[in-house]
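Asks: Structure file input.cif (mmCIF, C-alpha atoms) right here:
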data_data
loop_
_atom_site.label_atom_id
_atom_site.label_comp_id
_atom_site.auth_asym_id
_atom_site.auth_seq_id
_atom_site.Cartn_x
_atom_site.Cartn_y
_atom_site.Cartn_z
CA MET A 6 26.41 -10.59 40.25
CA ASP A 7 27.93 -7.56 41.92
CA TYR A 8 25.20 -4.92 42.17
CA TYR A 9 24.55 -1.83 44.28
CA THR A 10 20.95 -1.12 45.26
CA GLY A 11 19.36 1.26 47.74
CA GLY A 12 22.42 1.72 49.92
CA PHE A 13 23.88 -1.75 50.03
CA ARG A 14 25.96 -3.88 47.74
CA LEU A 15 24.58 -7.19 46.60
CA LEU A 16 28.05 -8.59 46.19
CA VAL A 17 27.43 -12.28 45.73
CA ALA A 18 23.92 -12.84 44.45
CA VAL A 19 22.71 -16.38 43.96
CA LYS A 20 19.46 -17.87 42.72
CA CYS A 21 17.54 -20.10 45.10
CA TYR A 22 14.11 -21.57 45.77
CA LEU A 23 12.43 -21.42 49.19
CA ASP A 24 10.28 -24.34 50.37
CA ASP A 25 7.72 -24.97 47.64
CA TYR A 26 7.42 -21.36 46.53
CA PRO A 27 7.35 -21.68 42.72
CA LEU A 28 9.46 -18.67 41.75
CA PRO A 29 13.21 -18.50 42.31
CA VAL A 30 14.47 -15.52 44.30
CA THR A 31 17.71 -13.58 44.30
CA ALA A 32 19.61 -14.06 47.54
CA LEU A 33 22.70 -12.49 49.06
CA LEU A 34 25.30 -15.12 49.91
CA ASP A 35 26.87 -13.69 53.05
CA THR A 36 29.44 -15.82 54.86
CA GLY A 37 29.60 -13.07 57.51
CA ALA A 38 25.89 -13.29 58.32
CA GLU A 39 25.14 -15.35 61.38
CA TRP A 40 21.70 -16.54 60.25
CA CYS A 41 19.72 -16.82 57.06
CA VAL A 42 17.07 -14.11 56.93
CA ILE A 43 13.87 -14.34 54.92
CA PRO A 44 12.21 -10.96 54.29
CA PRO A 45 8.70 -10.61 55.69
CA SER A 46 7.04 -10.22 52.28
CA ILE A 47 8.37 -13.61 51.17
CA ALA A 48 7.98 -15.33 54.54
CA GLN A 49 4.33 -14.33 54.50
CA ARG A 50 3.87 -15.76 51.00
CA LEU A 51 5.42 -19.00 52.30
CA GLY A 52 2.82 -19.08 55.07
CA TYR A 53 5.05 -18.46 58.10
CA ASP A 54 3.84 -16.72 61.21
CA LEU A 55 5.78 -13.48 61.59
CA ALA A 56 4.80 -12.80 65.19
CA PRO A 57 7.97 -12.40 67.24
CA ASP A 58 8.81 -15.05 69.78
CA PRO A 59 9.04 -13.18 73.11
CA GLN A 60 11.28 -15.91 74.46
CA LEU A 61 14.03 -15.22 71.90
CA ARG A 62 16.57 -12.45 72.17
CA PRO A 63 16.34 -9.83 69.41
CA LEU A 64 18.70 -10.02 66.46
CA HIS A 65 21.07 -7.12 66.05
CA SER A 66 21.69 -5.70 62.58
CA ARG A 67 22.90 -2.40 61.10
CA PHE A 68 19.25 -1.30 61.23
CA GLY A 69 18.85 -1.94 64.93
CA LEU A 70 17.29 -4.71 66.98
CA HIS A 71 14.74 -7.04 65.43
CA ARG A 72 12.39 -9.31 67.32
CA GLY A 73 11.46 -12.38 65.32
CA ARG A 74 11.49 -16.13 65.35
CA LEU A 75 13.49 -18.99 63.89
CA GLU A 76 11.89 -21.34 61.39
CA ARG A 77 12.98 -24.34 59.36
CA ILE A 78 12.89 -23.50 55.66
CA GLY A 79 14.08 -25.54 52.69
CA ILE A 80 16.51 -23.58 50.51
CA THR A 81 17.29 -25.12 47.12
CA PHE A 82 20.23 -23.93 45.06
CA PRO A 83 19.57 -24.81 41.42
CA ALA A 84 22.57 -25.99 39.42
CA VAL A 85 23.43 -25.04 35.88
CA ASP A 86 25.60 -28.13 35.69
CA GLY A 87 25.00 -31.18 37.88
CA GLU A 88 22.43 -31.62 40.63
CA HIS A 89 20.58 -29.01 42.64
CA LEU A 90 21.17 -28.84 46.37
CA ARG A 91 18.40 -28.56 48.94
CA VAL A 92 19.40 -27.48 52.43
CA ASP A 93 16.82 -27.68 55.21
CA SER A 94 17.92 -24.50 56.91
CA THR A 95 17.30 -22.53 60.07
CA CYS A 96 16.11 -19.04 59.11
CA PHE A 97 15.23 -15.88 60.99
CA VAL A 98 11.87 -14.33 60.07
CA CYS A 99 10.71 -11.01 61.41
CA GLU A 100 7.84 -8.70 60.59
CA ASP A 101 9.84 -5.47 60.85
CA TRP A 102 12.94 -6.61 58.96
CA PRO A 103 13.61 -3.70 56.59
CA GLY A 104 15.31 -5.62 53.78
CA GLU A 105 13.64 -7.39 50.88
CA VAL A 106 16.60 -9.59 50.01
CA VAL A 107 16.97 -13.17 51.20
CA ILE A 108 20.23 -13.55 53.12
CA ILE A 109 22.02 -16.89 53.05
CA GLY A 110 23.97 -17.01 56.30
CA TRP A 111 26.24 -19.32 58.17
CA LYS A 112 24.42 -20.98 61.07
CA GLY A 113 21.88 -23.49 59.97
CA CYS A 114 22.76 -23.39 56.27
CA LEU A 115 26.25 -22.72 54.89
CA GLU A 116 27.85 -24.53 57.84
CA ARG A 117 26.61 -27.87 56.50
CA MET A 118 27.31 -27.59 52.77
CA ARG A 119 30.44 -27.44 50.66
CA PHE A 120 30.79 -24.38 48.50
CA GLY A 121 33.27 -22.29 46.60
CA LEU A 122 33.26 -19.13 44.51
CA ASP A 123 35.09 -18.23 41.34
CA ALA A 124 34.97 -14.45 41.26
CA ALA A 125 36.48 -14.23 37.78
CA THR A 126 33.66 -16.22 36.20
CA GLU A 127 31.03 -15.28 38.81
CA THR A 128 30.41 -18.95 39.48
CA PHE A 129 29.05 -20.47 42.67
CA TYR A 130 30.01 -24.11 43.23
CA PHE A 131 28.17 -26.17 45.80
CA GLY A 132 27.51 -29.69 46.95
CA GLU A 133 26.61 -31.90 49.86
CA SER A 134 28.89 -31.89 52.87
CA GLN A 135 30.80 -35.15 53.32
CA MET B 29 8.87 -29.55 88.61
CA SER B 30 7.18 -26.50 90.01
CA ALA B 31 4.00 -24.63 89.17
CA GLU B 32 5.10 -21.34 90.63
CA PRO B 33 5.61 -18.34 88.32
CA VAL B 34 8.93 -17.91 86.59
CA VAL B 35 11.70 -16.41 88.63
CA ALA B 36 14.55 -17.11 86.24
CA ARG B 37 16.65 -14.09 85.39
CA ASN B 38 15.93 -12.72 81.88
CA ALA B 39 12.96 -15.02 81.32
CA GLU B 40 9.54 -13.64 80.45
CA PRO B 41 6.75 -14.87 82.74
CA GLU B 42 5.58 -17.38 80.17
CA PHE B 43 6.98 -20.60 81.51
CA VAL B 44 5.29 -21.84 84.65
CA ASP B 45 7.86 -24.57 85.10
CA LYS B 46 10.70 -22.92 86.97
CA GLU B 47 13.30 -25.43 85.85
CA LEU B 48 12.27 -25.07 82.23
CA ALA B 49 12.33 -21.29 82.50
CA GLU B 50 15.84 -21.32 83.93
CA GLU B 51 17.08 -23.77 81.36
CA TRP B 52 15.48 -21.74 78.57
CA ALA B 53 17.16 -18.57 79.79
CA ARG B 54 20.51 -20.34 79.57
CA PHE B 55 19.67 -21.85 76.19
CA ARG B 56 18.73 -18.58 74.51
CA ASP B 57 21.97 -16.99 75.62
CA VAL B 58 23.93 -19.88 74.17
CA LEU B 59 21.85 -19.69 70.99
CA TRP B 60 22.58 -16.01 70.42
CA TYR B 61 26.02 -15.60 71.95
CA GLY B 62 27.49 -19.09 72.06
CA SER B 63 28.17 -21.92 69.69
CA ILE B 64 25.37 -23.29 67.54
CA ASN B 65 26.52 -26.84 68.31
CA ASP B 66 26.22 -26.20 72.05
CA ALA B 67 22.75 -24.73 71.48
CA ARG B 68 21.75 -27.83 69.50
CA THR B 69 22.97 -30.13 72.23
CA MET B 70 21.11 -28.15 74.88
CA ILE B 71 17.80 -27.99 73.01
CA ALA B 72 17.96 -31.70 72.12
CA GLU B 73 18.33 -32.53 75.81
CA MET B 74 15.55 -30.13 76.73
CA ALA B 75 13.30 -31.72 74.10
CA LYS B 76 13.69 -35.10 75.81
CA ARG B 77 13.08 -33.60 79.23
CA TRP B 78 10.10 -31.45 78.28
CA PRO B 79 8.26 -33.36 75.52
CA ASP B 80 5.07 -31.34 76.11
CA SER B 81 6.63 -27.92 75.67
CA GLU B 82 5.63 -26.68 72.21
CA ARG B 83 8.32 -24.04 72.17
CA VAL B 84 11.09 -26.47 73.11
CA GLN B 85 9.91 -29.00 70.53
CA HIS B 86 9.70 -26.25 67.88
CA TYR B 87 13.27 -25.10 68.46
CA ALA B 88 14.59 -28.66 68.67
CA ARG B 89 13.17 -29.20 65.18
CA VAL B 90 14.19 -25.81 63.77
CA LEU B 91 17.75 -25.99 65.09
CA ALA B 92 18.50 -29.56 64.09
CA PRO B 93 21.67 -29.64 61.97
CA PRO B 94 20.79 -28.61 58.41
CA VAL B 95 20.55 -31.46 55.98
CA ALA B 96 22.00 -30.81 52.53
CA LYS B 97 20.77 -33.19 49.86
CA SER B 98 21.36 -33.26 46.11
CA VAL B 99 18.15 -33.26 44.09
CA PRO B 100 17.65 -33.62 40.33
CA GLY B 101 15.97 -30.92 38.29
CA PRO B 102 16.16 -28.85 35.12
CA ASN B 103 19.29 -26.76 34.80
CA ARG B 104 19.24 -23.21 33.53
CA SER B 105 21.71 -20.37 33.89
CA VAL B 106 20.50 -16.99 35.16
CA GLU B 107 23.29 -15.09 33.46
CA LYS B 108 20.85 -13.31 31.15
CA GLU B 109 18.61 -12.34 34.07
CA PHE B 110 21.52 -10.96 36.09
CA ASN B 111 22.76 -8.99 33.06
CA TRP B 112 19.30 -7.55 32.52
CA LEU B 113 19.04 -6.59 36.21
CA LYS B 114 22.42 -4.86 36.16
CA GLU B 115 21.35 -2.77 33.18
CA HIS B 116 17.69 -2.05 33.91
CA ALA B 117 16.67 -2.75 37.52
CA ARG B 118 17.36 0.85 38.57
CA GLU B 119 14.51 1.98 36.32
CA TYR B 120 12.08 0.36 38.82
CA PRO B 121 12.92 1.72 42.30
CA GLY B 122 10.87 0.28 45.14
CA CYS B 123 9.55 -2.55 42.97
CA TRP B 124 9.63 -6.30 42.89
CA LEU B 125 10.71 -7.51 39.47
CA ALA B 126 10.21 -10.83 37.71
CA VAL B 127 12.70 -11.39 34.91
CA LYS B 128 12.94 -14.28 32.47
CA GLY B 129 15.97 -14.37 30.20
CA ASP B 130 16.52 -10.81 29.05
CA GLN B 131 12.85 -9.88 29.39
CA LEU B 132 11.01 -8.14 32.21
CA VAL B 133 7.86 -10.10 33.02
CA ALA B 134 6.41 -7.79 35.68
CA ALA B 135 7.33 -4.94 38.02
CA ASP B 136 5.27 -3.72 40.96
CA PRO B 137 5.77 -2.68 44.60
CA ASP B 138 3.46 -5.56 45.61
CA LEU B 139 5.15 -8.98 45.49
CA LYS B 140 1.80 -10.72 45.02
CA VAL B 141 1.06 -8.78 41.81
CA VAL B 142 4.44 -9.72 40.35
CA GLU B 143 4.10 -13.34 41.45
CA GLU B 144 0.67 -13.67 39.84
CA ALA B 145 1.86 -12.09 36.59
CA ALA B 146 4.81 -14.50 36.38
CA LEU B 147 2.80 -17.60 37.22
CA LYS B 148 0.02 -16.75 34.78
CA CYS B 149 2.00 -18.08 31.84
CA PRO B 150 4.00 -21.37 31.78
CA GLU B 151 6.90 -19.73 29.91
CA THR B 152 7.47 -17.26 32.75
CA ALA B 153 6.59 -19.53 35.68
CA ASP B 154 10.28 -19.80 36.59
CA ALA B 155 11.08 -16.08 36.24
CA LEU B 156 13.66 -14.79 38.71
CA LEU B 157 12.35 -12.53 41.48
CA PHE B 158 14.37 -9.49 42.51
CA TYR B 159 13.67 -6.42 44.64
CA GLU B 160 15.08 -3.06 43.56
CA TYR B 161 15.43 -0.63 46.44
CA ALA B 162 14.71 3.06 46.01
CA PRO B 163 17.98 5.03 46.01
CA GLY B 164 19.36 5.35 49.54
CA ALA B 165 16.40 3.44 51.02
CA LEU B 166 18.55 1.40 53.37
CA ASP B 167 20.82 4.33 54.26
CA THR B 168 17.72 6.23 55.39
CA LEU B 169 16.65 3.33 57.59
CA GLU B 170 20.13 3.01 59.07
CA ASN B 171 20.31 6.73 59.87
CA ARG B 172 16.94 6.59 61.64
CA ARG B 173 18.43 4.46 64.42
#
Using structure tokens, write down the structure from this file.

Replies:
Amino acid sequence: MDYYTGGFRLLVAVKCYLDDYPLPVTALLDTGAEWCVIPPSIAQRLGYDLAPDPQLRPLHSRFGLHRGRLERIGITFPAVDGEHLRVDSTCFVCEDWPGEVVIIGWKGCLERMRFGLDAATETFYFGESQ
Amino acid sequence: MSAEPVVARNAEPEFVDKELAEEWARFRDVLWYGSINDARTMIAEMAKRWPDSERVQHYARVLAPPVAKSVPGPNRSVEKEFNWLKEHAREYPGCWLAVKGDQLVAADPDLKVVEEAALKCPETADALLFYEYAPGALDTLENRR
């Protein structure tokens, strides 16, 4: 899905599940993002502590500097054809993160899976890394 | 090991172990500015050296290489949901939306309200969640910097 909302383009949107949260969420697949980011509203529903870790450097984004923490969160990509893929991922959570969209980033997630995109059919292919 | 307060450059006065504080200061620079594999190696070594440090153990666990595993489950396309969102999501600025097929299940600024509405009924318990920003919401935030 290529969709523009609130000042940013949700260029590659994918469906995923987070930990055991029952509802699937729409996430931005961003190969240029360093980390996965879970918005505070969802991280809170998942039961994560949003208090920033003072021993971590802040994360820099287009919105400024964000103090947060890293957590291990299971991200499951459901398949239309074949098997789903669950990636135990490293995610940044932060109480003042301004976005409400889950970002699927490189470190701690995409780096350890195989994936491909077919823009013409808007299809996301994925599988375990060999 | 030392019990004197931290003197490591860039380290908050939280660690009382000077060696740990210095090693942590190096680690967090590697984590943010270096290679993730180097950071993993460092934190794994620190975890062995400081088994009683909660923070070190936490980050050793959190930063372990991600494990990707195939799991079985029901398969369903979200093409209808994405089409609905493209056509109608703008009608609900500043709201969380739950959409199942080509039907809106719930819309509200509070995620909990939308979640409860979707989970109330088995047919909508796998509705797709989406947040629709108000027009220019993120531009406004960016310009505030």

Asks: Sort by chain and increasing residue number a table of all residues of chain B within 8 Å of chain A, each with its closest pair of atoms and their distance in Å to one decimal, counting all atoms listed in the file, and write it as a tab-separated table.

Replies:
residue	atom	partner	partner_atom	distance
B:Ala39	CA	A:Gln60	CA	7.1
B:Glu40	CA	A:Gln60	CA	6.6
B:Arg56	CA	A:Leu61	CA	6.3
B:Asp57	CA	A:Arg62	CA	7.9
B:Trp60	CA	A:Arg62	CA	7.2
B:Ile64	CA	A:Lys112	CA	6.9
B:Tyr87	CA	A:Leu75	CA	7.6
B:Arg89	CA	A:Arg77	CA	7.6
B:Val90	CA	A:Arg77	CA	4.8
B:Leu91	CA	A:Thr95	CA	6.1
B:Pro93	CA	A:Gly113	CA	6.5
B:Pro94	CA	A:Asp93	CA	5.2
B:Val95	CA	A:Asp93	CA	5.4
B:Ala96	CA	A:Val92	CA	4.2
B:Lys97	CA	A:Arg91	CA	5.3
B:Ser98	CA	A:Leu90	CA	4.4
B:Val99	CA	A:His89	CA	5.1
B:Pro100	CA	A:Glu88	CA	5.2
B:Gly101	CA	A:His89	CA	6.6
B:Asn103	CA	A:Val85	CA	4.6
B:Arg104	CA	A:Val85	CA	5.1
B:Ser105	CA	A:Val85	CA	5.4
B:Val106	CA	A:Lys20	CA	7.7
B:Phe110	CA	A:Met6	CA	6.4
B:Lys114	CA	A:Tyr8	CA	6.6
B:Arg118	CA	A:Thr10	CA	7.8
B:Leu139	CA	A:Ser46	CA	7.2
B:Glu143	CA	A:Leu28	CA	7.6
B:Ala153	CA	A:Leu28	CA	6.8
B:Asp154	CA	A:Leu28	CA	5.3
B:Ala155	CA	A:Leu28	CA	6.3
B:Leu156	CA	A:Pro29	CA	5.2
B:Leu157	CA	A:Val30	CA	4.6
B:Phe158	CA	A:Thr31	CA	5.6
B:Tyr159	CA	A:Glu105	CA	6.3
B:Glu160	CA	A:Thr10	CA	6.4
B:Tyr161	CA	A:Gly11	CA	4.6
B:Ala162	CA	A:Gly11	CA	5.3
B:Pro163	CA	A:Gly11	CA	4.4
B:Gly164	CA	A:Gly11	CA	4.5
B:Ala165	CA	A:Gly11	CA	4.9
B:Leu166	CA	A:Gly12	CA	5.2
B:Asp167	CA	A:Gly12	CA	5.3
B:Leu169	CA	A:Phe68	CA	6.4
B:Glu170	CA	A:Phe68	CA	4.9
B:Arg173	CA	A:Gly69	CA	6.4

Asks: May I have the centre and edge lengths, in Å to one decimal, of an axis-aligned box around the listed atoms of stretch 60-70 of chain A with 8 Å added to every side, as lines of an AutoDock Vina configuration file?

Replies:
center_x = 17.1
center_y = -8.6
center_z = 67.8
size_x = 27.6
size_y = 30.6
size_z = 29.4

Asks: Considering all atoms listed in the file, can you say which of A:Cys99, A:Ala48, A:Val17, A:Ala124 comes closest to A:His65?

Replies: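 The answer is A:Cys99, which sits nearest to A:His65.
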
Asks: Once the PyMOL selection byres ((chain B and resi 108) around 9) is applied to the coordinates I shared, what remains selected? I want it as a ChimeraX atom specification.

Replies: /B:105-107,109-113,128-131

Asks: Give the answer as one residue: which of B:Ala67, B:Val44, B:Val58, B:Ala117 has the shortest atom-to-atom distance to B:Ser81, using only C-alpha atoms?

Replies: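 Selected residue with least distance to B:Ser81: B:Val44.
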
Asks: Distance atom CA of B:Glu47-atom CA of B:Val84, one decimal place?

Replies: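 Separating atom CA of B:Glu47 from atom CA of B:Val84 is a distance of 13.0 Å.
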
Asks: Rounded to one decimal, what separation in Å do you get between atom CA of A:Gly110 and atom CA of A:Asp35?

Replies: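 Between these atoms lies a distance of 5.5 Å.
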